[in-house]
Amino acid sequence: MSTAPPPDFVIAGAAKSGTTALYQYLSEHPRLFLTDPKEPHYFALAGSRPAFTGPGDDRTINRLSVTDRERYLALYERAAPGSLRGEASVSTLYAQDAPRRLHEHNPAARVICILRDPSDRAFSAYSFMRTRTFEPCEQFERALDDEPRRIAAGWHHIWHYQAMGRYAEQLARLFEMFPRDQVLVLLYDEFARQPEVVLERTYRFLGVEPIAPTVTPEPHRSGEPRFKTLSRMVNTPHPAKRVLGRIVPSGARAKLRSLVGRHNVVRGSYRPETRERLVAGFADDIARLETLLAVDLSSWRTVRRDGTP
């Protein structure tokens with residue numbers, strides 16, 4: 001039986017909003033311990049046997065999620081004494097019961113959320129699934145049209161391109177369980193422009209001394225793969241990766257993955273008329289979020305913004 005305590009903090013989401021980069025930055029701090037895997041999805045799926053039905057779900061979230069309490073707490077057993085323990089499952093913000101489960105484990109937990117323009121986020125999620133060769137629709141618009149059917153059929157959260165962008169609904173659930181001073185809400189655009197400033201704010205929120213970043217984050221690249229077989233090998237569980245894992249050091253594997261991502265993935269953008277459609281669909285949630293956070297999100301309502309993964 002694991003004697004490790006529950007996490008002190010979580011990066012809760014949103015998906016495709018910079019959580020991987022933040023996870024990589026925070027992982028280098030000597031007083032912070034983050035789990036491997038990055039996303040155990042415990043608070044979203046605790047006690048269940050995931051059986052999502054989307055393409056590739058059986059090879060990814062169904063197989064990799066950690067839903068047993070003892071197995072989940074065991075992820076923290078290697079944490080150094082006195083360190084703060086955390087993880088970065090983006091399903092924690094989206095799943096309806098996740099805030100309650102997190103509160104039951106640790107009512108003093110600190111929660112970090114990064115929010116991205118929801119229209120851009122939706123396209124980035126779509127592009128990410130195209131990169132992994134799981135997304136069957138060659139047009140973003142067709143995938144958006146198919147979303148209600150996918151949700152009803154039990155495809156997991158990453159496929160919910162529009163629903164995952166309704167942040168006000170998700171934060172409202174979170175604020176019902178945790179006081180505002182235990183929740184840090186960051187904006188993706190600021191993180192992309194000034195990562196050092198956002199990192200310092202995050203370190204102080206967690207109560208640790210800020211350090212200068214030395215890592216170069218390698219977030220998941222999203223776009224159309226030139227060679228699908230190569231992309232599938234790099235971005236999904238694959239037998240060849242198990243062989244490489246035994247003979248190639250992790251640092252070299254990361255460099256190889258980055259090299260393939262740079263040369264095999266073609267970034268794209270989505271149509272202005274599609275953005276107009278998405279902006280209209282998110283308008284009520286954006287307005288509610290502005291009130292909830294007392295921030296100006298007018299750029300998210302701009303139709304002439306270029307969306308990229």
# chains A, B, ... in the order shown; residues from 1 in each chain; ligands from 1

call {"tool": "closest_atom_pairs", "arguments": {"of": "range 20-122 of chain A", "to": "range 176-185 of chain A", "cutoff": "9 Å", "atoms": "only C-alpha atoms", "output": "CSV"}}
result
residue,atom,partner,partner_atom,distance
A:Pro99,CA,A:Met177,CA,6.4
A:Arg100,CA,A:Met177,CA,6.4
A:Leu102,CA,A:Met177,CA,8.9
A:His103,CA,A:Met177,CA,6.6
A:Pro107,CA,A:Phe178,CA,7.3
A:Ala108,CA,A:Gln182,CA,7.5
A:Ala109,CA,A:Gln182,CA,7.0
A:Arg110,CA,A:Gln182,CA,4.8
A:Val111,CA,A:Val183,CA,4.7
A:Ile112,CA,A:Leu184,CA,4.8
A:Cys113,CA,A:Val185,CA,4.9
A:Ile114,CA,A:Val185,CA,5.9
A:Leu115,CA,A:Val185,CA,7.3

call {"tool": "write_last_selection", "arguments": {"atoms": "all heavy atoms", "output": "mmCIF file, in the first residue's frame"}}
result
data_model
loop_
_atom_site.group_PDB
_atom_site.id
_atom_site.type_symbol
_atom_site.label_atom_id
_atom_site.label_comp_id
_atom_site.auth_asym_id
_atom_site.auth_seq_id
_atom_site.Cartn_x
_atom_site.Cartn_y
_atom_site.Cartn_z
ATOM 1 N N PRO A 99 -13.111 18.228 -10.026
ATOM 2 C CA PRO A 99 -12.837 19.144 -8.914
ATOM 3 C C PRO A 99 -13.259 18.576 -7.555
ATOM 4 O O PRO A 99 -12.541 18.742 -6.555
ATOM 5 C CB PRO A 99 -13.645 20.396 -9.274
ATOM 6 C CG PRO A 99 -13.755 20.350 -10.762
ATOM 7 C CD PRO A 99 -13.910 18.895 -11.079
ATOM 8 N N ARG A 100 -14.397 17.896 -7.524
ATOM 9 C CA ARG A 100 -14.857 17.299 -6.265
ATOM 10 C C ARG A 100 -13.890 16.219 -5.799
ATOM 11 O O ARG A 100 -13.534 16.164 -4.609
ATOM 12 C CB ARG A 100 -16.255 16.712 -6.443
ATOM 13 C CG ARG A 100 -16.764 15.947 -5.222
ATOM 14 C CD ARG A 100 -18.104 15.291 -5.474
ATOM 15 N NE ARG A 100 -18.092 14.386 -6.613
ATOM 16 C CZ ARG A 100 -17.591 13.147 -6.559
ATOM 17 N NH1 ARG A 100 -17.050 12.680 -5.437
ATOM 18 N NH2 ARG A 100 -17.621 12.388 -7.639
ATOM 19 N N LEU A 102 -10.698 15.918 -6.539
ATOM 20 C CA LEU A 102 -9.459 16.562 -6.111
ATOM 21 C C LEU A 102 -9.620 17.141 -4.710
ATOM 22 O O LEU A 102 -8.737 16.991 -3.855
ATOM 23 C CB LEU A 102 -9.068 17.665 -7.100
ATOM 24 C CG LEU A 102 -7.842 18.506 -6.738
ATOM 25 C CD1 LEU A 102 -6.594 17.639 -6.585
ATOM 26 C CD2 LEU A 102 -7.615 19.597 -7.795
ATOM 27 N N HIS A 103 -10.739 17.778 -4.452
ATOM 28 C CA HIS A 103 -11.005 18.370 -3.132
ATOM 29 C C HIS A 103 -11.068 17.295 -2.060
ATOM 30 O O HIS A 103 -10.580 17.501 -0.929
ATOM 31 C CB HIS A 103 -12.313 19.160 -3.171
ATOM 32 C CG HIS A 103 -12.562 19.980 -1.950
ATOM 33 N ND1 HIS A 103 -13.225 19.482 -0.842
ATOM 34 C CD2 HIS A 103 -12.205 21.261 -1.642
ATOM 35 C CE1 HIS A 103 -13.296 20.419 0.080
ATOM 36 N NE2 HIS A 103 -12.671 21.506 -0.374
ATOM 37 N N PRO A 107 -8.141 19.201 0.087
ATOM 38 C CA PRO A 107 -8.856 20.476 -0.026
ATOM 39 C C PRO A 107 -7.938 21.690 -0.072
ATOM 40 O O PRO A 107 -8.375 22.780 -0.442
ATOM 41 C CB PRO A 107 -9.743 20.494 1.234
ATOM 42 C CG PRO A 107 -9.093 19.541 2.172
ATOM 43 C CD PRO A 107 -8.448 18.486 1.335
ATOM 44 N N ALA A 108 -6.662 21.502 0.282
ATOM 45 C CA ALA A 108 -5.695 22.608 0.226
ATOM 46 C C ALA A 108 -4.919 22.638 -1.078
ATOM 47 O O ALA A 108 -4.019 23.476 -1.237
ATOM 48 C CB ALA A 108 -4.728 22.509 1.406
ATOM 49 N N ALA A 109 -5.249 21.761 -2.007
ATOM 50 C CA ALA A 109 -4.503 21.701 -3.272
ATOM 51 C C ALA A 109 -4.591 23.015 -4.026
ATOM 52 O O ALA A 109 -5.615 23.707 -3.987
ATOM 53 C CB ALA A 109 -5.042 20.559 -4.138
ATOM 54 N N ARG A 110 -3.512 23.340 -4.722
ATOM 55 C CA ARG A 110 -3.495 24.521 -5.595
ATOM 56 C C ARG A 110 -3.694 24.052 -7.035
ATOM 57 O O ARG A 110 -3.162 23.022 -7.442
ATOM 58 C CB ARG A 110 -2.192 25.290 -5.440
ATOM 59 C CG ARG A 110 -2.067 25.911 -4.043
ATOM 60 C CD ARG A 110 -0.880 26.815 -3.900
ATOM 61 N NE ARG A 110 -0.923 27.504 -2.618
ATOM 62 C CZ ARG A 110 -1.512 28.670 -2.413
ATOM 63 N NH1 ARG A 110 -2.099 29.300 -3.430
ATOM 64 N NH2 ARG A 110 -1.532 29.228 -1.229
ATOM 65 N N VAL A 111 -4.460 24.845 -7.776
ATOM 66 C CA VAL A 111 -4.867 24.450 -9.127
ATOM 67 C C VAL A 111 -4.420 25.519 -10.121
ATOM 68 O O VAL A 111 -4.695 26.713 -9.927
ATOM 69 C CB VAL A 111 -6.395 24.272 -9.212
ATOM 70 C CG1 VAL A 111 -6.791 23.769 -10.598
ATOM 71 C CG2 VAL A 111 -6.892 23.319 -8.123
ATOM 72 N N ILE A 112 -3.716 25.101 -11.167
ATOM 73 C CA ILE A 112 -3.226 26.010 -12.201
ATOM 74 C C ILE A 112 -3.976 25.707 -13.501
ATOM 75 O O ILE A 112 -4.044 24.553 -13.925
ATOM 76 C CB ILE A 112 -1.714 25.830 -12.419
ATOM 77 C CG1 ILE A 112 -0.949 26.041 -11.112
ATOM 78 C CG2 ILE A 112 -1.215 26.787 -13.499
ATOM 79 C CD1 ILE A 112 0.495 25.565 -11.173
ATOM 80 N N CYS A 113 -4.525 26.734 -14.111
ATOM 81 C CA CYS A 113 -5.226 26.589 -15.384
ATOM 82 C C CYS A 113 -4.624 27.567 -16.398
ATOM 83 O O CYS A 113 -4.332 28.709 -16.048
ATOM 84 C CB CYS A 113 -6.716 26.902 -15.233
ATOM 85 S SG CYS A 113 -7.561 25.919 -13.984
ATOM 86 N N ILE A 114 -4.420 27.106 -17.619
ATOM 87 C CA ILE A 114 -3.997 27.970 -18.722
ATOM 88 C C ILE A 114 -5.115 27.956 -19.757
ATOM 89 O O ILE A 114 -5.518 26.885 -20.212
ATOM 90 C CB ILE A 114 -2.692 27.499 -19.387
ATOM 91 C CG1 ILE A 114 -1.629 27.139 -18.363
ATOM 92 C CG2 ILE A 114 -2.157 28.567 -20.327
ATOM 93 C CD1 ILE A 114 -0.344 26.632 -18.977
ATOM 94 N N LEU A 115 -5.587 29.125 -20.119
ATOM 95 C CA LEU A 115 -6.693 29.222 -21.053
ATOM 96 C C LEU A 115 -6.226 29.855 -22.366
ATOM 97 O O LEU A 115 -5.502 30.841 -22.356
ATOM 98 C CB LEU A 115 -7.831 30.058 -20.449
ATOM 99 C CG LEU A 115 -8.329 29.616 -19.066
ATOM 100 C CD1 LEU A 115 -9.482 30.492 -18.628
ATOM 101 C CD2 LEU A 115 -8.726 28.145 -19.067
#

call {"tool": "residues_around", "arguments": {"residues": "Asp146 in chain A", "least_positions_apart": "4", "cutoff": "10 Å", "atoms": "only C-alpha atoms", "output": "list of chain:residue names"}}
result
A:Cys137, A:Phe140, A:Glu141, A:Arg142, A:Arg150, A:Ile151, A:Trp159, A:His160

call {"tool": "closest_atom_pairs", "arguments": {"of": "range 118-231 of chain A", "to": "range 57-61 of chain A", "cutoff": "12 Å", "atoms": "only C-alpha atoms", "output": "tab-separated table"}}
result
residue	atom	partner	partner_atom	distance
A:Met129	CA	A:Asp57	CA	11.1
A:Arg132	CA	A:Thr60	CA	10.8
A:Phe134	CA	A:Asp57	CA	8.9
A:Glu135	CA	A:Asp57	CA	11.3
A:Gly154	CA	A:Asp57	CA	9.9
A:Trp155	CA	A:Asp57	CA	7.5
A:His156	CA	A:Asp57	CA	7.1
A:His157	CA	A:Ile61	CA	9.7
A:Ile158	CA	A:Ile61	CA	9.9
A:Trp159	CA	A:Asp57	CA	10.1

call {"tool": "write_last_selection", "arguments": {"atoms": "C-alpha atoms", "output": "compact mmCIF listing (two decimals), in the first residue's frame"}}
result
# COMPACT_ATOMS: atom_id res chain seq x y z
CA MET A 129 -5.31 14.35 -33.63
CA ARG A 132 -1.42 11.31 -34.47
CA PHE A 134 -6.44 9.31 -35.44
CA GLU A 135 -8.68 12.13 -36.76
CA GLY A 154 -18.16 7.91 -26.01
CA TRP A 155 -15.08 9.36 -27.67
CA HIS A 156 -12.77 10.78 -25.00
CA HIS A 157 -12.31 14.44 -24.08
CA ILE A 158 -9.64 15.45 -26.62
CA TRP A 159 -12.23 14.89 -29.38

call {"tool": "closest_residue", "arguments": {"among": "A:Tyr42, A:Trp300, A:Tyr161, A:Phe191", "to": "Ala95 in chain A", "atoms": "only C-alpha atoms"}}
result
A:Tyr42

call {"tool": "residues_around", "arguments": {"residues": "Ala14 in chain A", "least_positions_apart": "2", "cutoff": "12 Å", "atoms": "only C-alpha atoms", "output": "ChimeraX atom specification"}}
result
/A:10-12,16-20,22,88-95,111-118,121-122,124-125,157-158,161,163-168,170-171,185-188

call {"tool": "select_by_dssp", "arguments": {"residues": "range 8-122 of chain A", "states": "strand (DSSP E)", "output": "count of residues only"}}
result
18
